[in-house]
$ cat entry_24.pdb   # PDB, C-alpha atoms (C1' of nucleotides)
ATOM      1  CA  MET A   1      15.075   2.408  24.834
ATOM      2  CA  LEU A   2      14.854  -0.686  22.650
ATOM      3  CA  SER A   3      11.805  -2.566  21.356
ATOM      4  CA  ILE A   4      11.453  -6.326  21.670
ATOM      5  CA  GLY A   5      12.120  -6.650  17.965
ATOM      6  CA  GLU A   6      15.447  -4.892  18.310
ATOM      7  CA  VAL A   7      16.376  -7.031  21.297
ATOM      8  CA  GLU A   8      15.557 -10.178  19.350
ATOM      9  CA  GLN A   9      17.772  -9.012  16.535
ATOM     10  CA  LEU A  10      20.508  -7.991  18.954
ATOM     11  CA  THR A  11      20.586 -11.034  21.225
ATOM     12  CA  GLY A  12      19.442 -13.819  18.951
ATOM     13  CA  LEU A  13      16.809 -14.726  21.555
ATOM     14  CA  SER A  14      13.252 -15.204  20.298
ATOM     15  CA  SER A  15      10.518 -12.871  21.549
ATOM     16  CA  ARG A  16       8.937 -16.037  22.926
ATOM     17  CA  GLN A  17      11.949 -16.713  25.137
ATOM     18  CA  ILE A  18      12.200 -13.097  26.251
ATOM     19  CA  ARG A  19       8.544 -13.019  27.291
ATOM     20  CA  TYR A  20       8.855 -16.393  28.974
ATOM     21  CA  TYR A  21      11.792 -15.344  31.158
ATOM     22  CA  GLU A  22       9.681 -12.421  32.290
ATOM     23  CA  LYS A  23       6.647 -14.636  32.826
ATOM     24  CA  VAL A  24       8.501 -16.944  35.207
ATOM     25  CA  GLY A  25       9.839 -13.978  37.153
ATOM     26  CA  LEU A  26      13.480 -14.103  36.160
ATOM     27  CA  ILE A  27      13.321 -10.511  34.912
ATOM     28  CA  HIS A  28      10.836  -7.721  34.446
ATOM     29  CA  PHE A  29      10.728  -4.910  31.919
ATOM     30  CA  GLN A  30       9.471  -1.396  31.761
ATOM     31  CA  ARG A  31       6.248  -0.960  29.797
ATOM     32  CA  THR A  32       4.976   1.889  27.675
ATOM     33  CA  PRO A  33       1.511   3.307  28.512
ATOM     34  CA  GLY A  34       0.279   1.057  25.727
ATOM     35  CA  GLY A  35       1.723  -2.051  27.357
ATOM     36  CA  GLN A  36       4.696  -2.642  25.129
ATOM     37  CA  ARG A  37       7.966  -3.762  26.704
ATOM     38  CA  ARG A  38      10.943  -1.409  26.626
ATOM     39  CA  PHE A  39      14.517  -2.604  27.154
ATOM     40  CA  VAL A  40      17.654  -0.889  28.431
ATOM     41  CA  LYS A  41      21.294  -1.949  28.420
ATOM     42  CA  HIS A  42      21.054  -3.855  31.694
ATOM     43  CA  ASP A  43      18.126  -5.870  30.380
ATOM     44  CA  ILE A  44      20.255  -7.091  27.489
ATOM     45  CA  GLU A  45      22.951  -8.238  29.909
ATOM     46  CA  THR A  46      20.430 -10.026  32.095
ATOM     47  CA  LEU A  47      18.758 -11.761  29.169
ATOM     48  CA  LEU A  48      22.058 -13.133  27.935
ATOM     49  CA  ARG A  49      22.974 -14.104  31.504
ATOM     50  CA  ILE A  50      19.719 -16.020  31.861
ATOM     51  CA  ARG A  51      20.347 -17.986  28.685
ATOM     52  CA  GLN A  52      23.886 -18.715  29.902
ATOM     53  CA  LEU A  53      22.647 -19.948  33.300
ATOM     54  CA  LEU A  54      19.845 -21.935  31.700
ATOM     55  CA  ASP A  55      22.458 -23.862  29.744
ATOM     56  CA  GLU A  56      24.473 -24.529  32.897
ATOM     57  CA  GLU A  57      21.596 -25.263  35.270
ATOM     58  CA  GLY A  58      19.175 -26.967  32.968
ATOM     59  CA  ASP A  59      15.971 -25.555  34.409
ATOM     60  CA  ILE A  60      14.384 -22.269  35.440
ATOM     61  CA  GLU A  61      14.570 -23.098  39.148
ATOM     62  CA  GLY A  62      18.310 -23.509  38.925
ATOM     63  CA  VAL A  63      18.600 -20.156  37.231
ATOM     64  CA  LYS A  64      16.469 -18.532  39.936
ATOM     65  CA  ARG A  65      18.605 -19.957  42.725
ATOM     66  CA  ARG A  66      21.850 -18.769  41.166
ATOM     67  CA  MET A  67      20.482 -15.325  40.405
ATOM     68  CA  GLU A  68      19.280 -14.921  43.997
ATOM     69  CA  ARG A  69      22.688 -15.932  45.312
ATOM     70  CA  GLU A  70      24.375 -13.444  43.029
ATOM     71  CA  GLN A  71      22.072 -10.712  44.266
ATOM     72  CA  GLN A  72      23.052 -11.421  47.851
ATOM     73  CA  LEU A  73      26.717 -11.296  46.911
ATOM     74  CA  GLY A  74      26.246  -8.123  44.928
ATOM     75  CA  GLN A  75      26.625  -7.615  41.195
ATOM     76  CA  LYS A  76      29.797  -6.365  39.610
ATOM     77  CA  PRO A  77      30.094  -4.522  36.302
ATOM     78  CA  LEU A  78      30.974  -6.775  33.386
ATOM     79  CA  SER A  79      34.543  -6.787  32.180
ATOM     80  CA  ASP A  80      35.316  -6.613  28.471
ATOM     81  CA  GLN A  81      36.262 -10.272  28.719
ATOM     82  CA  GLU A  82      33.010 -11.323  30.356
ATOM     83  CA  ARG A  83      31.137  -9.290  27.787
ATOM     84  CA  ALA A  84      32.923 -11.096  24.971
ATOM     85  CA  LYS A  85      32.097 -14.481  26.450
ATOM     86  CA  LEU A  86      28.483 -13.566  27.087
ATOM     87  CA  THR A  87      27.985 -12.507  23.488
ATOM     88  CA  SER A  88      29.712 -15.471  21.884
ATOM     89  CA  LEU A  89      27.639 -18.271  23.412
ATOM     90  CA  TYR A  90      25.079 -18.155  20.621
ATOM     91  CA  PRO A  91      24.900 -16.732  17.135
ATOM     92  CA  VAL A  92      23.617 -13.179  16.996
ATOM     93  CA  SER A  93      22.852 -11.235  13.866
ATOM     94  CA  ASP A  94      24.899  -8.179  14.783
ATOM     95  CA  ARG A  95      27.595  -8.937  17.350
ATOM     96  CA  PRO A  96      29.396  -5.623  16.949
ATOM     97  CA  GLY A  97      26.092  -3.861  17.575
ATOM     98  CA  LEU A  98      25.425  -6.049  20.588
ATOM     99  CA  LEU A  99      28.829  -5.260  22.079
ATOM    100  CA  ARG A 100      28.187  -1.548  21.628
ATOM    101  CA  ALA A 101      24.748  -1.846  23.156
ATOM    102  CA  LEU A 102      26.224  -3.579  26.203
ATOM    103  CA  GLN A 103      28.646  -0.731  26.602
ATOM    104  CA  GLY A 104      25.870   1.838  26.482
ATOM    105  CA  ILE A 105      26.606   3.125  23.029
ATOM    106  CA  GLU A 106      23.585   4.098  20.974
ATOM    107  CA  VAL A 107      23.069   1.631  18.158
ATOM    108  CA  PRO A 108      22.024   3.387  14.966
ATOM    109  CA  LYS A 109      18.714   2.102  13.654
ATOM    110  CA  PRO A 110      17.812   1.989   9.960
ATOM    111  CA  LYS A 111      15.690   5.061   9.318
ATOM    112  CA  ARG A 112      13.828   6.705   6.465
ATOM    113  CA  PRO A 113      15.868   7.578   3.380
ATOM    114  CA  SER A 114      16.578  11.248   4.020
ATOM    115  CA  LYS A 115      18.337  11.889   0.740
TER     116      LYS A 115
ATOM    117  C1'  DA B   1       4.149  -2.846  10.421
ATOM    118  C1'  DT B   2       4.824  -4.295  15.470
ATOM    119  C1'  DT B   3       3.767  -5.994  19.793
ATOM    120  C1'  DC B   4       0.633  -8.213  23.184
ATOM    121  C1'  DT B   5      -1.881 -12.230  25.262
ATOM    122  C1'  DT B   6      -3.778 -16.694  25.053
ATOM    123  C1'  DA B   7      -4.006 -21.298  23.442
ATOM    124  C1'  DC B   8      -2.414 -25.589  21.289
ATOM    125  C1'  DA B   9      -0.814 -29.450  16.244
TER     126       DA B   9
ATOM    127  C1'  DT C   1       9.371 -23.285  22.063
ATOM    128  C1'  DG C   2       7.035 -22.083  17.698
ATOM    129  C1'  DT C   3       3.134 -20.162  15.873
ATOM    130  C1'  DA C   4      -1.764 -18.795  14.801
ATOM    131  C1'  DA C   5      -5.452 -15.754  16.187
ATOM    132  C1'  DG C   6      -7.496 -11.302  17.437
ATOM    133  C1'  DT C   7      -6.102  -6.789  19.444
ATOM    134  C1'  DA C   8      -4.139  -2.405  20.617
TER     135       DA C   8
END

$ encode --input "entry_24.pdb" --output "structure tokens"
Amino acid sequence: MLSIGEVEQLTGLSSRQIRYYEKVGLIHFQRTPGGQRRFVKHDIETLLRIRQLLDEEGDIEGVKRRMEREQQLGQKPLSDQERAKLTSLYPVSDRPGLLRALQGIEVPKPKRPSK
DNA sequence: ATTCTTACA
DNA sequence: TGTAAGTA
């Protein structure tokens, strides 16, 4: 599971935007007992999708309508091509890491110097 | 050090 | 949307 800080770093979205999308009901996240948000692969995809739709639609309502319609039609797994497009719309700090995260590969996090 | 919510130049 | 404030 990823923290909001890691998701910011990974997607280039601000924590403000992430929390706002949740606030308006476009997405919801799991919470730790302490109330902190926890993110999984699918959340990353959805967050990037929201930003993409927001650009196309202009407002939150437009995004909501399109997301509802997609739900009714059923979601399909992202192709490598769609993944590439989704991650190249905006600058991200670690695109290779983002691509791996979207494919479910564990992204190594900087840890304590063990040597 | 991080994250969370609320409020506002 | 950014950011400051006061917590957990």

$ resolve_selection --input "entry_24.pdb" --expression "the PyMOL selection byres ((chain B and resi 4) around 9)" --output "count of residues only"
6

$ interface_residues --input "entry_24.pdb" --of "chain A" --to "chain B" --cutoff "12 Å" --atoms "all atoms listed in the file" --output "PyMOL selection string"
chain A and resi 3-6+15-16+19+23+31-32+34-38

$ atom_distance --input "entry_24.pdb" --atom1 "CA of Lys111 (chain A)" --atom2 "C1' of DG6 (chain C)"
29.5 Å

$ atom_distance --input "entry_24.pdb" --atom1 "CA of Gly58 (chain A)" --atom2 "CA of Val40 (chain A)"
26.5 Å

$ atom_distance --input "entry_24.pdb" --atom1 "CA of Val92 (chain A)" --atom2 "CA of Gln9 (chain A)"
7.2 Å

$ build_atoms --input "entry_24.pdb" --residues "region 51-87 of chain A" --atoms "N, CA and C atoms" --output "PDB file, in the frame of the given file"
ATOM      1  N   ARG A  51      20.152 -16.902  29.648  1.00  0.00           N
ATOM      2  CA  ARG A  51      20.347 -17.986  28.685  1.00  0.00           C
ATOM      3  C   ARG A  51      21.604 -18.780  29.040  1.00  0.00           C
ATOM      4  N   GLN A  52      22.644 -18.068  29.512  1.00  0.00           N
ATOM      5  CA  GLN A  52      23.886 -18.715  29.902  1.00  0.00           C
ATOM      6  C   GLN A  52      23.633 -19.654  31.087  1.00  0.00           C
ATOM      7  N   LEU A  53      22.929 -19.144  32.109  1.00  0.00           N
ATOM      8  CA  LEU A  53      22.647 -19.948  33.300  1.00  0.00           C
ATOM      9  C   LEU A  53      21.710 -21.110  32.985  1.00  0.00           C
ATOM     10  N   LEU A  54      20.783 -20.882  32.063  1.00  0.00           N
ATOM     11  CA  LEU A  54      19.845 -21.935  31.700  1.00  0.00           C
ATOM     12  C   LEU A  54      20.597 -23.116  31.093  1.00  0.00           C
ATOM     13  N   ASP A  55      21.631 -22.816  30.347  1.00  0.00           N
ATOM     14  CA  ASP A  55      22.458 -23.862  29.744  1.00  0.00           C
ATOM     15  C   ASP A  55      23.195 -24.641  30.829  1.00  0.00           C
ATOM     16  N   GLU A  56      23.696 -23.898  31.829  1.00  0.00           N
ATOM     17  CA  GLU A  56      24.473 -24.529  32.897  1.00  0.00           C
ATOM     18  C   GLU A  56      23.595 -25.283  33.892  1.00  0.00           C
ATOM     19  N   GLU A  57      22.472 -24.666  34.266  1.00  0.00           N
ATOM     20  CA  GLU A  57      21.596 -25.263  35.270  1.00  0.00           C
ATOM     21  C   GLU A  57      20.582 -26.259  34.719  1.00  0.00           C
ATOM     22  N   GLY A  58      20.163 -26.055  33.512  1.00  0.00           N
ATOM     23  CA  GLY A  58      19.175 -26.967  32.968  1.00  0.00           C
ATOM     24  C   GLY A  58      17.743 -26.511  33.069  1.00  0.00           C
ATOM     25  N   ASP A  59      17.353 -26.005  34.246  1.00  0.00           N
ATOM     26  CA  ASP A  59      15.971 -25.555  34.409  1.00  0.00           C
ATOM     27  C   ASP A  59      15.861 -24.158  35.019  1.00  0.00           C
ATOM     28  N   ILE A  60      14.653 -23.613  34.927  1.00  0.00           N
ATOM     29  CA  ILE A  60      14.384 -22.269  35.440  1.00  0.00           C
ATOM     30  C   ILE A  60      14.685 -22.140  36.922  1.00  0.00           C
ATOM     31  N   GLU A  61      14.325 -23.154  37.704  1.00  0.00           N
ATOM     32  CA  GLU A  61      14.570 -23.098  39.148  1.00  0.00           C
ATOM     33  C   GLU A  61      16.051 -22.925  39.459  1.00  0.00           C
ATOM     34  N   GLY A  62      16.871 -23.620  38.705  1.00  0.00           N
ATOM     35  CA  GLY A  62      18.310 -23.509  38.925  1.00  0.00           C
ATOM     36  C   GLY A  62      18.783 -22.100  38.637  1.00  0.00           C
ATOM     37  N   VAL A  63      18.233 -21.524  37.600  1.00  0.00           N
ATOM     38  CA  VAL A  63      18.600 -20.156  37.231  1.00  0.00           C
ATOM     39  C   VAL A  63      18.177 -19.202  38.335  1.00  0.00           C
ATOM     40  N   LYS A  64      16.974 -19.397  38.865  1.00  0.00           N
ATOM     41  CA  LYS A  64      16.469 -18.532  39.936  1.00  0.00           C
ATOM     42  C   LYS A  64      17.380 -18.588  41.154  1.00  0.00           C
ATOM     43  N   ARG A  65      17.741 -19.805  41.546  1.00  0.00           N
ATOM     44  CA  ARG A  65      18.605 -19.957  42.725  1.00  0.00           C
ATOM     45  C   ARG A  65      19.926 -19.221  42.542  1.00  0.00           C
ATOM     46  N   ARG A  66      20.554 -19.427  41.395  1.00  0.00           N
ATOM     47  CA  ARG A  66      21.850 -18.769  41.166  1.00  0.00           C
ATOM     48  C   ARG A  66      21.741 -17.258  41.080  1.00  0.00           C
ATOM     49  N   MET A  67      20.643 -16.766  40.506  1.00  0.00           N
ATOM     50  CA  MET A  67      20.482 -15.325  40.405  1.00  0.00           C
ATOM     51  C   MET A  67      20.251 -14.708  41.770  1.00  0.00           C
ATOM     52  N   GLU A  68      19.522 -15.426  42.640  1.00  0.00           N
ATOM     53  CA  GLU A  68      19.280 -14.921  43.997  1.00  0.00           C
ATOM     54  C   GLU A  68      20.601 -14.833  44.741  1.00  0.00           C
ATOM     55  N   ARG A  69      21.405 -15.888  44.612  1.00  0.00           N
ATOM     56  CA  ARG A  69      22.688 -15.932  45.312  1.00  0.00           C
ATOM     57  C   ARG A  69      23.590 -14.788  44.845  1.00  0.00           C
ATOM     58  N   GLU A  70      23.544 -14.525  43.558  1.00  0.00           N
ATOM     59  CA  GLU A  70      24.375 -13.444  43.029  1.00  0.00           C
ATOM     60  C   GLU A  70      23.918 -12.092  43.547  1.00  0.00           C
ATOM     61  N   GLN A  71      22.608 -11.966  43.752  1.00  0.00           N
ATOM     62  CA  GLN A  71      22.072 -10.712  44.266  1.00  0.00           C
ATOM     63  C   GLN A  71      22.585 -10.461  45.669  1.00  0.00           C
ATOM     64  N   GLN A  72      22.600 -11.544  46.471  1.00  0.00           N
ATOM     65  CA  GLN A  72      23.052 -11.421  47.851  1.00  0.00           C
ATOM     66  C   GLN A  72      24.534 -11.072  47.899  1.00  0.00           C
ATOM     67  N   LEU A  73      25.277 -11.574  46.925  1.00  0.00           N
ATOM     68  CA  LEU A  73      26.717 -11.296  46.911  1.00  0.00           C
ATOM     69  C   LEU A  73      27.019  -9.935  46.287  1.00  0.00           C
ATOM     70  N   GLY A  74      26.034  -9.408  45.569  1.00  0.00           N
ATOM     71  CA  GLY A  74      26.246  -8.123  44.928  1.00  0.00           C
ATOM     72  C   GLY A  74      26.744  -8.287  43.513  1.00  0.00           C
ATOM     73  N   GLN A  75      26.193  -7.514  42.583  1.00  0.00           N
ATOM     74  CA  GLN A  75      26.625  -7.615  41.195  1.00  0.00           C
ATOM     75  C   GLN A  75      27.812  -6.720  40.917  1.00  0.00           C
ATOM     76  N   LYS A  76      28.646  -7.171  40.005  1.00  0.00           N
ATOM     77  CA  LYS A  76      29.797  -6.365  39.610  1.00  0.00           C
ATOM     78  C   LYS A  76      29.657  -6.028  38.128  1.00  0.00           C
ATOM     79  N   PRO A  77      30.184  -4.892  37.709  1.00  0.00           N
ATOM     80  CA  PRO A  77      30.094  -4.522  36.302  1.00  0.00           C
ATOM     81  C   PRO A  77      30.857  -5.537  35.461  1.00  0.00           C
ATOM     82  N   LEU A  78      30.333  -5.799  34.266  1.00  0.00           N
ATOM     83  CA  LEU A  78      30.974  -6.775  33.386  1.00  0.00           C
ATOM     84  C   LEU A  78      32.287  -6.265  32.804  1.00  0.00           C
ATOM     85  N   SER A  79      33.262  -7.149  32.768  1.00  0.00           N
ATOM     86  CA  SER A  79      34.543  -6.787  32.180  1.00  0.00           C
ATOM     87  C   SER A  79      34.430  -7.000  30.681  1.00  0.00           C
ATOM     88  N   ASP A  80      35.350  -6.440  29.918  1.00  0.00           N
ATOM     89  CA  ASP A  80      35.316  -6.613  28.471  1.00  0.00           C
ATOM     90  C   ASP A  80      35.360  -8.101  28.140  1.00  0.00           C
ATOM     91  N   GLN A  81      36.122  -8.836  28.950  1.00  0.00           N
ATOM     92  CA  GLN A  81      36.262 -10.272  28.719  1.00  0.00           C
ATOM     93  C   GLN A  81      34.959 -11.020  28.952  1.00  0.00           C
ATOM     94  N   GLU A  82      34.280 -10.666  30.058  1.00  0.00           N
ATOM     95  CA  GLU A  82      33.010 -11.323  30.356  1.00  0.00           C
ATOM     96  C   GLU A  82      31.995 -10.995  29.282  1.00  0.00           C
ATOM     97  N   ARG A  83      32.070  -9.747  28.809  1.00  0.00           N
ATOM     98  CA  ARG A  83      31.137  -9.290  27.787  1.00  0.00           C
ATOM     99  C   ARG A  83      31.349 -10.107  26.502  1.00  0.00           C
ATOM    100  N   ALA A  84      32.596 -10.335  26.182  1.00  0.00           N
ATOM    101  CA  ALA A  84      32.923 -11.096  24.971  1.00  0.00           C
ATOM    102  C   ALA A  84      32.381 -12.517  25.083  1.00  0.00           C
ATOM    103  N   LYS A  85      32.560 -13.112  26.252  1.00  0.00           N
ATOM    104  CA  LYS A  85      32.097 -14.481  26.450  1.00  0.00           C
ATOM    105  C   LYS A  85      30.580 -14.559  26.380  1.00  0.00           C
ATOM    106  N   LEU A  86      29.945 -13.597  27.045  1.00  0.00           N
ATOM    107  CA  LEU A  86      28.483 -13.566  27.087  1.00  0.00           C
ATOM    108  C   LEU A  86      27.870 -13.429  25.700  1.00  0.00           C
ATOM    109  N   THR A  87      28.548 -12.737  24.819  1.00  0.00           N
ATOM    110  CA  THR A  87      27.985 -12.507  23.488  1.00  0.00           C
ATOM    111  C   THR A  87      28.435 -13.524  22.444  1.00  0.00           C
TER     112      THR A  87
END
